[in-house]
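Participant: Structure file run23.tsv (TSV, C-alpha atoms and all ligand atoms) is given on the next line.
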chain	number	residue	atom	x	y	z
A	1	MET	CA	-8.81	-2.67	23.76
A	2	LEU	CA	-6.93	0.51	24.60
A	3	PRO	CA	-7.17	2.59	21.39
A	4	TYR	CA	-4.20	4.33	19.72
A	5	GLY	CA	-6.23	7.54	19.58
A	6	ARG	CA	-9.64	8.80	20.57
A	7	GLN	CA	-11.69	11.95	21.04
A	8	SER	CA	-12.23	13.79	24.33
A	9	ILE	CA	-15.81	15.11	24.62
A	10	SER	CA	-17.06	17.03	27.66
A	11	ASP	CA	-20.49	18.32	28.72
A	12	ASP	CA	-19.56	21.66	27.10
A	13	GLU	CA	-19.51	20.13	23.61
A	14	ILE	CA	-22.79	18.30	24.27
A	15	ALA	CA	-24.44	21.55	25.45
A	16	ALA	CA	-23.12	23.52	22.46
A	17	VAL	CA	-24.44	20.97	19.96
A	18	ALA	CA	-27.84	20.77	21.72
A	19	GLU	CA	-28.13	24.56	21.60
A	20	VAL	CA	-27.65	24.59	17.81
A	21	LEU	CA	-30.23	21.81	17.42
A	22	ARG	CA	-32.80	23.98	19.26
A	23	GLY	CA	-31.99	27.03	17.12
A	24	ASP	CA	-32.83	28.21	13.59
A	25	TRP	CA	-29.82	26.98	11.62
A	26	LEU	CA	-28.72	23.40	11.26
A	27	THR	CA	-26.44	23.94	8.27
A	28	THR	CA	-24.81	27.26	7.33
A	29	GLY	CA	-25.41	29.64	10.23
A	30	PRO	CA	-23.49	31.65	12.82
A	31	ALA	CA	-21.49	28.71	14.21
A	32	VAL	CA	-19.79	28.20	10.82
A	33	ARG	CA	-18.64	31.83	10.72
A	34	GLN	CA	-17.47	31.75	14.33
A	35	PHE	CA	-15.61	28.46	13.95
A	36	GLU	CA	-13.86	29.76	10.82
A	37	ALA	CA	-12.88	32.99	12.65
A	38	ASP	CA	-11.58	31.01	15.66
A	39	LEU	CA	-9.64	28.68	13.36
A	40	ALA	CA	-8.07	31.70	11.67
A	41	THR	CA	-6.70	32.80	15.05
A	42	THR	CA	-5.23	29.33	15.67
A	43	ALA	CA	-3.78	29.32	12.14
A	44	GLY	CA	-1.84	32.57	12.62
A	45	GLY	CA	-4.33	34.78	10.75
A	46	ALA	CA	-4.78	32.55	7.69
A	47	GLU	CA	-8.24	32.68	6.15
A	48	CYS	CA	-10.06	29.42	6.97
A	49	VAL	CA	-12.77	27.57	5.03
A	50	THR	CA	-14.45	24.66	6.81
A	51	VAL	CA	-15.34	21.49	4.88
A	52	THR	CA	-16.74	18.04	5.67
A	53	SER	CA	-13.45	16.12	6.15
A	54	GLY	CA	-9.69	16.27	5.84
A	55	THR	CA	-10.05	14.47	2.51
A	56	ALA	CA	-12.53	17.13	1.33
A	57	ALA	CA	-10.04	19.77	2.52
A	58	LEU	CA	-7.29	18.30	0.32
A	59	HIS	CA	-9.63	18.00	-2.68
A	60	THR	CA	-10.75	21.61	-2.13
A	61	ALA	CA	-7.18	22.89	-1.68
A	62	TYR	CA	-5.99	21.24	-4.91
A	63	ALA	CA	-9.05	22.60	-6.73
A	64	ALA	CA	-8.27	26.08	-5.36
A	65	ALA	CA	-4.71	25.66	-6.66
A	66	GLY	CA	-6.28	24.98	-10.07
A	67	ILE	CA	-4.56	21.68	-10.76
A	68	GLY	CA	-5.72	19.36	-13.51
A	69	PRO	CA	-4.52	17.03	-16.27
A	70	GLY	CA	-0.89	17.67	-17.29
A	71	ASP	CA	0.01	19.09	-13.87
A	72	GLU	CA	2.25	17.34	-11.35
A	73	VAL	CA	1.98	17.26	-7.56
A	74	VAL	CA	5.12	16.29	-5.64
A	75	THR	CA	4.41	14.65	-2.28
A	76	SER	CA	5.58	12.10	0.28
A	77	PRO	CA	4.38	8.48	0.32
A	78	MET	CA	4.48	8.44	4.16
A	79	THR	CA	0.93	9.76	4.56
A	80	PHE	CA	-2.72	8.82	4.39
A	81	VAL	CA	-3.77	7.99	0.82
A	82	ALA	CA	-6.00	11.10	0.53
A	83	THR	CA	-2.98	13.44	0.27
A	84	ALA	CA	-2.27	11.89	-3.13
A	85	SER	CA	-5.62	10.45	-4.25
A	86	THR	CA	-7.47	13.78	-4.23
A	87	ALA	CA	-4.85	15.28	-6.57
A	88	ALA	CA	-5.11	12.23	-8.84
A	89	MET	CA	-8.91	12.59	-8.93
A	90	LEU	CA	-8.47	16.09	-10.37
A	91	GLY	CA	-6.42	14.55	-13.19
A	92	ALA	CA	-2.97	15.54	-11.91
A	93	THR	CA	0.01	13.19	-11.89
A	94	VAL	CA	1.33	12.43	-8.42
A	95	VAL	CA	5.14	12.30	-8.14
A	96	PHE	CA	6.35	10.65	-4.94
A	97	ALA	CA	9.55	11.94	-3.33
A	98	ASP	CA	11.28	10.06	-0.52
A	99	VAL	CA	11.33	10.99	3.17
A	100	GLU	CA	14.01	11.76	5.76
A	101	ALA	CA	15.14	8.52	7.42
A	102	ASP	CA	14.68	9.68	11.01
A	103	THR	CA	11.53	11.88	10.90
A	104	GLY	CA	9.61	10.26	8.04
A	105	LEU	CA	8.96	13.80	6.71
A	106	LEU	CA	9.22	14.81	3.04
A	107	ASP	CA	12.94	15.21	2.22
A	108	PRO	CA	13.48	18.63	0.59
A	109	GLN	CA	16.37	17.27	-1.54
A	110	ALA	CA	14.19	14.46	-2.86
A	111	ALA	CA	11.32	16.90	-3.46
A	112	LYS	CA	13.68	19.18	-5.40
A	113	ALA	CA	14.85	16.29	-7.56
A	114	ALA	CA	11.21	15.32	-8.26
A	115	CYS	CA	10.21	18.77	-9.54
A	116	THR	CA	9.79	19.43	-13.28
A	117	GLU	CA	8.39	22.34	-15.27
A	118	ARG	CA	4.95	20.75	-14.81
A	119	THR	CA	5.06	20.80	-10.98
A	120	ARG	CA	2.19	22.93	-9.69
A	121	VAL	CA	2.07	21.92	-6.01
A	122	VAL	CA	4.63	20.59	-3.52
A	123	ALA	CA	2.60	18.90	-0.76
A	124	ALA	CA	4.28	18.20	2.58
A	125	ILE	CA	2.76	16.29	5.50
A	126	ASP	CA	3.42	17.15	9.14
A	127	TYR	CA	3.69	13.45	9.90
A	128	ALA	CA	2.85	12.60	13.54
A	129	GLY	CA	2.32	16.34	14.20
A	130	HIS	CA	5.97	17.31	13.58
A	131	PRO	CA	6.20	20.23	11.11
A	132	ALA	CA	8.10	19.50	7.90
A	133	ASP	CA	11.26	21.45	6.89
A	134	TYR	CA	9.38	24.49	5.53
A	135	ASP	CA	12.35	26.82	4.97
A	136	ALA	CA	13.90	24.29	2.59
A	137	LEU	CA	10.55	23.27	1.05
A	138	ARG	CA	9.65	26.92	0.39
A	139	THR	CA	12.83	27.27	-1.66
A	140	VAL	CA	12.00	24.07	-3.56
A	141	ALA	CA	8.41	25.16	-4.30
A	142	ASP	CA	9.37	28.73	-5.26
A	143	SER	CA	12.13	27.66	-7.62
A	144	ALA	CA	9.69	25.25	-9.32
A	145	GLY	CA	7.05	28.01	-9.56
A	146	ALA	CA	4.75	25.75	-7.50
A	147	LEU	CA	2.46	26.34	-4.55
A	148	LEU	CA	3.45	24.85	-1.19
A	149	LEU	CA	0.72	22.80	0.51
A	150	ASP	CA	0.81	21.50	4.08
A	151	ASP	CA	-1.36	18.47	4.90
A	152	ALA	CA	-1.68	19.41	8.57
A	153	ALA	CA	-4.19	16.68	9.47
A	154	HIS	CA	-1.82	15.81	12.37
A	155	SER	CA	-0.48	19.20	13.34
A	156	ILE	CA	-3.11	21.85	14.13
A	157	GLY	CA	-1.64	23.90	16.98
A	158	ALA	CA	2.01	23.14	16.14
A	159	THR	CA	4.51	25.93	15.44
A	160	TYR	CA	7.45	26.24	13.05
A	161	HIS	CA	10.07	28.80	14.12
A	162	GLY	CA	7.41	30.38	16.32
A	163	LYS	CA	4.79	30.64	13.56
A	164	PRO	CA	1.54	28.67	13.79
A	165	ILE	CA	0.87	25.87	11.30
A	166	GLY	CA	-1.65	27.28	8.82
A	167	SER	CA	0.35	30.47	8.26
A	168	ILE	CA	3.42	28.87	6.64
A	169	ALA	CA	2.42	27.05	3.44
A	170	ASP	CA	0.32	28.68	0.70
A	171	LEU	CA	-2.46	26.20	1.44
A	172	THR	CA	-2.89	24.17	4.63
A	173	THR	CA	-5.46	21.44	5.26
A	174	PHE	CA	-6.79	20.22	8.61
A	175	SER	CA	-8.79	17.12	9.57
A	176	PHE	CA	-11.18	16.95	12.51
A	177	PHE	CA	-11.66	13.18	12.49
A	178	PRO	CA	-12.10	11.82	16.07
A	179	THR	CA	-8.55	10.45	16.41
A	180	LYS	CA	-6.93	13.76	15.35
A	181	ASN	CA	-5.88	16.56	17.72
A	182	MET	CA	-9.43	17.96	17.88
A	183	THR	CA	-12.70	16.79	16.38
A	184	THR	CA	-16.00	17.77	14.77
A	185	ALA	CA	-16.88	14.05	14.20
A	186	GLU	CA	-16.23	14.28	10.45
A	187	GLY	CA	-14.78	17.63	9.37
A	188	GLY	CA	-11.84	19.58	8.07
A	189	ALA	CA	-10.69	22.99	6.87
A	190	VAL	CA	-8.53	24.72	4.28
A	191	ALA	CA	-6.38	27.62	5.50
A	192	SER	CA	-4.61	30.06	3.22
A	193	VAL	CA	-2.49	33.16	3.62
A	194	ARG	CA	-2.47	33.83	-0.15
A	195	PRO	CA	-5.07	36.32	-1.41
A	196	GLY	CA	-7.73	34.63	-3.56
A	197	LEU	CA	-7.06	30.99	-2.65
A	198	ALA	CA	-9.44	30.84	0.33
A	199	GLU	CA	-12.12	32.51	-1.80
A	200	ARG	CA	-11.71	29.85	-4.51
A	201	ALA	CA	-11.80	27.15	-1.84
A	202	ALA	CA	-15.02	28.59	-0.37
A	203	ARG	CA	-16.66	28.58	-3.81
A	204	PHE	CA	-15.58	24.98	-4.53
A	205	ARG	CA	-17.05	23.70	-1.23
A	206	ASN	CA	-20.34	25.45	-2.12
A	207	ILE	CA	-20.99	23.85	-5.56
A	208	GLY	CA	-19.10	26.67	-7.30
A	209	LEU	CA	-21.97	29.09	-6.74
A	210	VAL	CA	-21.21	32.75	-7.47
A	211	ARG	CA	-23.45	35.17	-5.56
A	212	GLU	CA	-21.78	38.58	-6.00
A	213	PRO	CA	-23.80	40.57	-8.63
A	214	HIS	CA	-20.71	42.36	-9.99
A	215	ARG	CA	-19.30	38.99	-11.09
A	216	PHE	CA	-22.44	37.69	-12.85
A	217	ARG	CA	-22.13	36.67	-16.49
A	218	ILE	CA	-25.91	36.33	-16.87
A	219	ALA	CA	-27.36	39.84	-16.73
A	220	ASP	CA	-30.83	41.11	-15.84
A	221	GLN	CA	-31.96	38.43	-13.42
A	222	GLY	CA	-33.74	39.07	-10.13
A	223	ARG	CA	-32.43	39.01	-6.57
A	224	TRP	CA	-32.79	35.20	-6.48
A	225	HIS	CA	-30.07	34.73	-9.02
A	226	GLN	CA	-26.83	32.79	-8.47
A	227	GLU	CA	-24.67	31.08	-11.09
A	228	VAL	CA	-21.79	28.61	-11.51
A	229	HIS	CA	-18.57	29.43	-13.41
A	230	GLU	CA	-16.45	26.46	-12.27
A	231	PHE	CA	-17.62	23.06	-11.01
A	232	GLY	CA	-17.70	22.49	-7.26
A	233	LEU	CA	-19.13	20.14	-4.65
A	234	ASN	CA	-21.24	20.42	-1.54
A	235	TYR	CA	-18.54	20.06	1.13
A	236	ARG	CA	-20.20	22.42	3.66
A	237	LEU	CA	-19.58	21.58	7.33
A	238	PRO	CA	-22.89	22.15	9.18
A	239	ASP	CA	-23.51	24.49	12.12
A	240	VAL	CA	-24.16	21.51	14.40
A	241	LEU	CA	-20.59	20.25	13.86
A	242	CYS	CA	-19.01	23.72	13.87
A	243	ALA	CA	-20.53	24.25	17.35
A	244	LEU	CA	-18.67	21.11	18.47
A	245	GLY	CA	-15.50	22.44	16.81
A	246	ILE	CA	-15.71	25.82	18.58
A	247	VAL	CA	-15.58	24.13	21.99
A	248	GLN	CA	-12.88	21.65	20.89
A	249	LEU	CA	-10.72	24.50	19.61
A	250	ARG	CA	-10.95	26.20	23.03
A	251	ARG	CA	-9.66	22.95	24.56
A	252	LEU	CA	-6.92	22.40	21.93
A	253	ALA	CA	-4.09	23.98	23.95
A	254	GLY	CA	-4.93	21.68	26.87
A	255	PHE	CA	-5.09	18.64	24.58
A	256	LEU	CA	-1.68	19.45	23.10
A	257	ALA	CA	-0.13	20.07	26.53
A	258	ARG	CA	-1.26	16.60	27.64
A	259	ARG	CA	0.06	15.06	24.39
A	260	ARG	CA	3.47	16.69	25.04
A	261	GLU	CA	3.43	15.36	28.60
A	262	LEU	CA	2.74	11.84	27.30
A	263	VAL	CA	5.58	12.17	24.77
A	264	ALA	CA	7.97	13.27	27.52
A	265	ARG	CA	6.91	10.24	29.63
A	266	TYR	CA	7.36	7.84	26.69
A	267	ARG	CA	10.83	9.29	26.09
A	268	THR	CA	11.84	8.82	29.72
A	269	LEU	CA	10.32	5.37	30.11
A	270	LEU	CA	11.59	3.98	26.77
A	271	SER	CA	14.97	5.69	26.42
A	272	ASP	CA	17.06	2.62	27.25
A	273	VAL	CA	15.25	-0.10	25.28
A	274	ASP	CA	17.39	-1.93	22.71
A	275	GLY	CA	15.99	-2.41	19.23
A	276	LEU	CA	13.70	0.62	19.55
A	277	LEU	CA	14.00	4.08	17.96
A	278	LEU	CA	11.97	7.04	19.27
A	279	PRO	CA	10.85	9.90	16.98
A	280	PRO	CA	13.31	12.81	16.90
A	281	GLN	CA	12.35	16.46	17.29
A	282	ARG	CA	14.08	19.10	15.17
A	283	PRO	CA	15.22	22.39	16.71
A	284	GLY	CA	12.88	25.36	16.21
A	285	VAL	CA	9.62	23.42	16.06
A	286	GLU	CA	6.93	22.75	18.62
A	287	PRO	CA	5.13	19.63	17.36
A	288	ALA	CA	1.48	18.83	18.07
A	289	TRP	CA	2.11	15.11	18.68
A	290	HIS	CA	-0.88	13.39	17.04
A	291	LEU	CA	1.01	10.07	16.86
A	292	PHE	CA	3.94	8.67	18.78
A	293	PRO	CA	5.62	6.67	15.99
A	294	VAL	CA	8.35	4.36	17.31
A	295	ARG	CA	10.47	2.11	15.11
A	296	ILE	CA	10.92	-1.56	15.93
A	297	LEU	CA	14.25	-2.78	14.58
A	298	GLY	CA	15.40	-6.27	13.60
A	299	GLY	CA	12.36	-7.22	11.51
A	300	ARG	CA	10.20	-7.61	14.62
A	301	ARG	CA	7.50	-4.97	13.97
A	302	ARG	CA	4.77	-7.37	12.86
A	303	ASP	CA	5.37	-9.69	15.80
A	304	VAL	CA	5.35	-6.80	18.28
A	305	TYR	CA	2.18	-5.42	16.68
A	306	GLU	CA	0.38	-8.77	17.03
A	307	ARG	CA	1.51	-9.33	20.61
A	308	MET	CA	0.56	-5.83	21.74
A	309	ARG	CA	-2.90	-6.19	20.19
A	310	ALA	CA	-3.24	-9.57	21.91
A	311	ALA	CA	-2.41	-7.81	25.20
A	312	GLY	CA	-5.28	-5.36	24.59
A	313	ILE	CA	-3.15	-2.46	23.39
A	314	GLY	CA	-4.46	-0.97	20.16
A	315	VAL	CA	-1.24	-0.04	18.41
A	316	GLN	CA	-1.47	1.09	14.79
A	317	VAL	CA	0.78	1.30	11.73
A	318	ASN	CA	1.00	4.68	9.93
A	319	TYR	CA	1.37	4.34	6.94
A	320	VAL	CA	1.68	1.82	4.13
A	321	PRO	CA	3.54	3.81	1.40
A	322	VAL	CA	0.77	5.44	-0.63
A	323	TYR	CA	1.96	4.10	-4.01
A	324	TRP	CA	1.59	0.50	-2.73
A	325	HIS	CA	-2.20	0.96	-2.91
A	326	PRO	CA	-3.41	-1.04	-5.93
A	327	VAL	CA	-5.02	2.09	-7.38
A	328	PHE	CA	-1.48	3.47	-7.81
A	329	THR	CA	0.25	0.20	-8.78
A	330	ASP	CA	-2.43	-0.16	-11.49
A	331	LEU	CA	-1.14	3.17	-12.83
A	332	GLY	CA	2.42	1.78	-12.99
A	333	TYR	CA	3.94	2.92	-9.68
A	334	LYS	CA	6.44	0.30	-8.49
A	335	ARG	CA	7.66	-0.91	-5.13
A	336	GLY	CA	11.16	0.40	-4.42
A	337	LEU	CA	10.29	3.90	-5.64
A	338	CYS	CA	11.00	5.49	-2.23
A	339	PRO	CA	13.23	3.03	-0.34
A	340	VAL	CA	13.64	5.20	2.77
A	341	ALA	CA	9.85	5.45	3.22
A	342	GLU	CA	9.51	1.69	2.64
A	343	GLU	CA	12.06	0.92	5.36
A	344	TYR	CA	10.33	3.41	7.68
A	345	TYR	CA	7.03	1.64	7.05
A	346	GLU	CA	8.51	-1.80	7.78
A	347	GLN	CA	9.61	-0.61	11.24
A	348	GLU	CA	6.88	1.83	12.26
A	349	LEU	CA	4.46	1.31	15.17
A	350	SER	CA	2.19	4.03	16.60
A	351	LEU	CA	1.77	3.75	20.37
A	352	PRO	CA	-1.43	4.95	22.10
A	353	MET	CA	-1.49	8.77	22.19
A	354	PHE	CA	-4.57	10.80	23.12
A	355	PRO	CA	-5.33	13.44	25.78
A	356	ASP	CA	-7.41	11.21	28.07
A	357	LEU	CA	-4.76	8.44	28.13
A	358	THR	CA	-3.91	7.99	31.83
A	359	ASP	CA	-0.40	7.60	33.23
A	360	ASP	CA	-1.42	4.11	34.42
A	361	ASP	CA	-2.52	3.03	30.96
A	362	GLN	CA	0.65	4.50	29.46
A	363	ASP	CA	2.74	2.60	32.03
A	364	ARG	CA	1.01	-0.60	30.92
A	365	VAL	CA	1.85	0.13	27.26
A	366	VAL	CA	5.48	0.67	28.23
A	367	ASP	CA	5.63	-2.50	30.37
A	368	VAL	CA	4.23	-4.69	27.58
A	369	LEU	CA	6.55	-3.17	24.96
A	370	ARG	CA	9.60	-3.53	27.24
A	371	SER	CA	8.79	-7.15	28.01
A	372	LEU	CA	8.46	-7.93	24.28
A	373	LEU	CA	11.74	-6.25	23.35
A	374	GLY	CA	13.71	-7.10	26.50
A	401	LIG	C1	-6.77	11.82	8.57
A	401	LIG	C2	-5.92	12.27	7.47
A	401	LIG	C3	-6.44	12.78	6.27
A	401	LIG	C4	-7.90	12.69	5.92
A	401	LIG	O1	-8.75	13.26	6.86
A	401	LIG	P1	-10.25	12.72	7.00
A	401	LIG	O2	-10.87	13.76	7.88
A	401	LIG	O3	-10.19	11.37	7.65
A	401	LIG	O4	-10.86	12.68	5.65
A	401	LIG	C5	-5.57	13.29	5.33
A	401	LIG	N1	-4.24	13.30	5.53
A	401	LIG	C6	-3.69	12.80	6.66
A	401	LIG	C7	-2.21	12.86	6.83
A	401	LIG	C8	-4.51	12.26	7.66
A	401	LIG	O5	-3.95	11.75	8.76
Translate this file's structure into structure tokens.
Ligand SMILES: *Cc1c(COP(=O)(O)O)cnc(C)c1O
Facilitator:
Amino acid sequence: MLPYGRQSISDDEIAAVAEVLRGDWLTTGPAVRQFEADLATTAGGAECVTVTSGTAALHTAYAAAGIGPGDEVVTSPMTFVATASTAAMLGATVVFADVEADTGLLDPQAAKAACTERTRVVAAIDYAGHPADYDALRTVADSAGALLLDDAAHSIGATYHGKPIGSIADLTTFSFFPTKNMTTAEGGAVASVRPGLAERAARFRNIGLVREPHRFRIADQGRWHQEVHEFGLNYRLPDVLCALGIVQLRRLAGFLARRRELVARYRTLLSDVDGLLLPPQRPGVEPAWHLFPVRILGGRRRDVYERMRAAGIGVQVNYVPVYWHPVFTDLGYKRGLCPVAEEYYEQELSLPMFPDLTDDDQDRVVDVLRSLLG
């Protein structure tokens, strides 16, 4: 089965990981610091804190934002469940706002209407790797007195009006799962341009431990002493995986160039197919196409999905609206809440998209899809 996404690992990654295994640090050593510094460069100078997954990154970012019971987080349902579930686990109430019909991105008007005096975070998703409408969302977040969060699991390396993703929202989260734009196996990071937030994130991913003597609340202990002021978790990404990430980050520009080439080929090869919509690209953004989400019209998505899988093409559907998950319906969220997202979901199909996808394999994807829709 041709997958919809997969990692690209070269001998350089294998050598880098082997070198760490032969060295002194397996967990928090020099590769963590270097990977975080390299990520900061990619993220336009934002301070970066590595963690063990994109889900951990979201949990850590919400914890750094200080959200808890009584607070509201406004977000889009057209995302992976973790964007919302990690906020709910901290006790916050998730308020879903609908998406733009063509991009599937959080609609700033809907986000504005969803804000109340309890809104603490407005969380956008760069769905498929296309940056959300940050100028409008910044206005929405600022007027609500909320922080702006970017779930950039799909979009590391993208730019918005020339600025790198990571440097735009107050908090940005990355995922380094194998299907994403670069990988550390499991892994993720929180990036922040706001003073203090990255520091809080770093403490949360390290059990909440405070190690700076001037901050101690227990006096007169020895040099061994460290103490906890706020609860945290062990979300530390080990040196072994950061070494893999350092090499992947060096290859990211090449990965994204190939993804853009594949998008251009899909656009050319599929431009004249009836009953098919291709994802639009807004002016002023350079997406980092993680997915190529097409829309199958006329109620045929399920049939096309089944037939493509039967032909050995691993298409995917991203995503079931988050509030359809029983964990949310059990809390009282109802179908119909975000009708634009629901219609998007009913039509969406993600075609294979990864850097090592060959032109020949892509041609086969196109031929099968054309024959099904023709
Ligand atoms: C993959 C993904 C996550 C979670 O990342 P993991 O590394 O798999 O935990 C969160 N949000 C979005 C939009 C994702 O695609």
Participant: Using all atoms listed in the file, determine which residues lie at most 6 Å from Arg295 of chain A, disregarding the query and same-chain residues fewer than 3 positions distant; provide the list as a list in words.
Facilitator: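 So, after excluding close chain neighbours, the residues are Leu276, Leu277, Gln347 and Glu348 of chain A.
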Participant: Any chance you could tabulate, as CSV, the residues of chain A at most 6 Å from ligand LIG 401 (chain A) with each one's nearest atom pair and distance in Å to one decimal, using all atoms listed in the file, in chain and rising number order?
Facilitator:
residue,atom,partner,partner_atom,distance
A:Ser53,CA,A:LIG401,O2,3.9
A:Gly54,CA,A:LIG401,O1,3.3
A:Thr55,CA,A:LIG401,O4,3.7
A:Thr79,CA,A:LIG401,C7,5.0
A:Phe80,CA,A:LIG401,C6,4.7
A:Ala82,CA,A:LIG401,C5,5.3
A:Thr83,CA,A:LIG401,N1,5.4
A:Asp151,CA,A:LIG401,N1,6.0
A:Ala153,CA,A:LIG401,C8,4.8
A:His154,CA,A:LIG401,O5,5.8
A:Ser175,CA,A:LIG401,O2,4.3
A:Phe176,CA,A:LIG401,O2,5.6
A:Phe177,CA,A:LIG401,O2,4.7
A:Glu186,CA,A:LIG401,O2,6.0
A:Gly187,CA,A:LIG401,O2,5.7
A:Gly188,CA,A:LIG401,O2,5.9
Participant: Keeping only C-alpha atoms, take the residues you just selected and write them out as a tab-separated table (two decimals), in the coordinates of the input.
Facilitator:
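Final output, saved to out09.tsv:
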chain	number	residue	atom	x	y	z
A	53	SER	CA	-13.45	16.12	6.15
A	54	GLY	CA	-9.69	16.27	5.84
A	55	THR	CA	-10.05	14.47	2.51
A	79	THR	CA	0.93	9.76	4.56
A	80	PHE	CA	-2.72	8.82	4.39
A	82	ALA	CA	-6.00	11.10	0.53
A	83	THR	CA	-2.98	13.44	0.27
A	151	ASP	CA	-1.36	18.47	4.90
A	153	ALA	CA	-4.19	16.68	9.47
A	154	HIS	CA	-1.82	15.81	12.37
A	175	SER	CA	-8.79	17.12	9.57
A	176	PHE	CA	-11.18	16.95	12.51
A	177	PHE	CA	-11.66	13.18	12.49
A	186	GLU	CA	-16.23	14.28	10.45
A	187	GLY	CA	-14.78	17.63	9.37
A	188	GLY	CA	-11.84	19.58	8.07
Participant: For Pro131 of chain A, which residue among A:Glu47, A:Asp12, A:Glu72, A:Glu286 is the nearest when counting all atoms listed in the file?
Facilitator: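 Of A:Glu47, A:Asp12, A:Glu72, A:Glu286, the one nearest Pro131 of chain A is A:Glu286, counting all atoms listed in the file.
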Participant: Can you tell me which residues surround Thr103 of chain A at a distance of at most 9 Å, considering all atoms listed in the file, apart from same-chain residues fewer than 2 positions away, and format the answer as an NGL selection string?
Facilitator: :A and (99-101 or 105-106 or 127 or 130 or 132 or 279-282)
Participant: Quick one: everything within 9 Å of Gly157 of chain A, counting all atoms listed in the file, minus sequence neighbours fewer than 2 positions away in the same chain. Send it as a list in words.
Facilitator: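 The contact residues come out as Thr42, Ala43, Gly129, Ser155, Thr159, Pro164, Ile165, Gly166, Asn181, Leu252, Ala253, Leu256, Glu286, Pro287 and Ala288 of chain A.
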Participant: Would you put the residues from that selection into a file with C-alpha atoms, as a JSON list (two decimals), in the coordinates of the input?
Facilitator:
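Contents of result_13.json, as written:
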[["chain", "number", "residue", "atom", "x", "y", "z"],
["A", 42, "THR", "CA", -5.23, 29.33, 15.67],
["A", 43, "ALA", "CA", -3.78, 29.32, 12.14],
["A", 129, "GLY", "CA", 2.32, 16.34, 14.20],
["A", 155, "SER", "CA", -0.48, 19.20, 13.34],
["A", 159, "THR", "CA", 4.51, 25.93, 15.44],
["A", 164, "PRO", "CA", 1.54, 28.67, 13.79],
["A", 165, "ILE", "CA", 0.87, 25.87, 11.30],
["A", 166, "GLY", "CA", -1.65, 27.28, 8.82],
["A", 181, "ASN", "CA", -5.88, 16.56, 17.72],
["A", 252, "LEU", "CA", -6.92, 22.40, 21.93],
["A", 253, "ALA", "CA", -4.09, 23.98, 23.95],
["A", 256, "LEU", "CA", -1.68, 19.45, 23.10],
["A", 286, "GLU", "CA", 6.93, 22.75, 18.62],
["A", 287, "PRO", "CA", 5.13, 19.63, 17.36],
["A", 288, "ALA", "CA", 1.48, 18.83, 18.07]]
Participant: Quote the spacing between atom CA of Cys48 of chain A and atom CA of Glu36 of chain A in Å to one decimal place.
Facilitator: 5.4 Å
Participant: Neighbouring residues of segment 194-201 of chain A were defined as those with any atom within 8 Å, considering all atoms listed in the file; residues of the same chain fewer than 4 positions away were excluded. Please report them as a list of chain:residue names.
Facilitator: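 Here the answer would be A:Glu47, A:Cys48, A:Val49, A:Thr60, A:Ala61, A:Ala63, A:Ala64, A:Ala65, A:Asp170, A:Leu171, A:Val190, A:Arg205.
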Participant: Which residue, A:Thr27, A:Ser143, A:Ser167, A:Gln226, has the smallest gap to Val210 of chain A when you use all atoms listed in the file?
Facilitator: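 Looking only at the distances to Val210 of chain A, the closest residue turns out to be A:Gln226.
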Participant: Neighbouring residues of segment 325-334 of chain A were defined as those with any atom within 12 Å, considering all atoms listed in the file; residues of the same chain fewer than 2 positions away were excluded. Please report them as a list in words.
Facilitator: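 In the requested form, the answer reads Pro77, Thr79, Phe80, Val81, Ala82, Ala84, Ser85, Ala88, Met89, Thr93, Val94, Val95, Phe96, Tyr319, Val320, Pro321, Val322, Tyr323, Gly336, Leu337, Cys338, Pro339 and Glu342 of chain A.
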Participant: Of the candidates A:Ala57, A:Ala92, A:Ala158, A:Cys242, which one gets nearest to Phe204 of chain A if we count only C-alpha atoms?
Facilitator: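 The closest residue to Phe204 of chain A is A:Ala57.
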Participant: A:Ala56, A:Val368, A:Ala219, A:Val140: which is nearest Ala310 of chain A, counting all atoms listed in the file?
Facilitator: A:Val368
Participant: For Asp360 of chain A, which residue among A:Ala31, A:Ala46, A:Leu2, A:Ala264 is the nearest when counting all atoms listed in the file?
Facilitator: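 Nearest candidate to Asp360 of chain A out of A:Ala31, A:Ala46, A:Leu2, A:Ala264: A:Leu2.
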Participant: Determine the nearest neighbour of Ala15 of chain A from the options A:Ile156, A:Ile168, A:Ala124, A:Leu244, counting all atoms listed in the file.
Facilitator: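 Closest to Ala15 of chain A of all the choices is A:Leu244.
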Participant: Quick one: pull the distance between atom CA of Ala146 of chain A and atom CA of Ser76 of chain A, Å, one decimal.
Facilitator: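 Interatomic distance, atom CA of Ala146 of chain A to atom CA of Ser76 of chain A: 15.7 Å.
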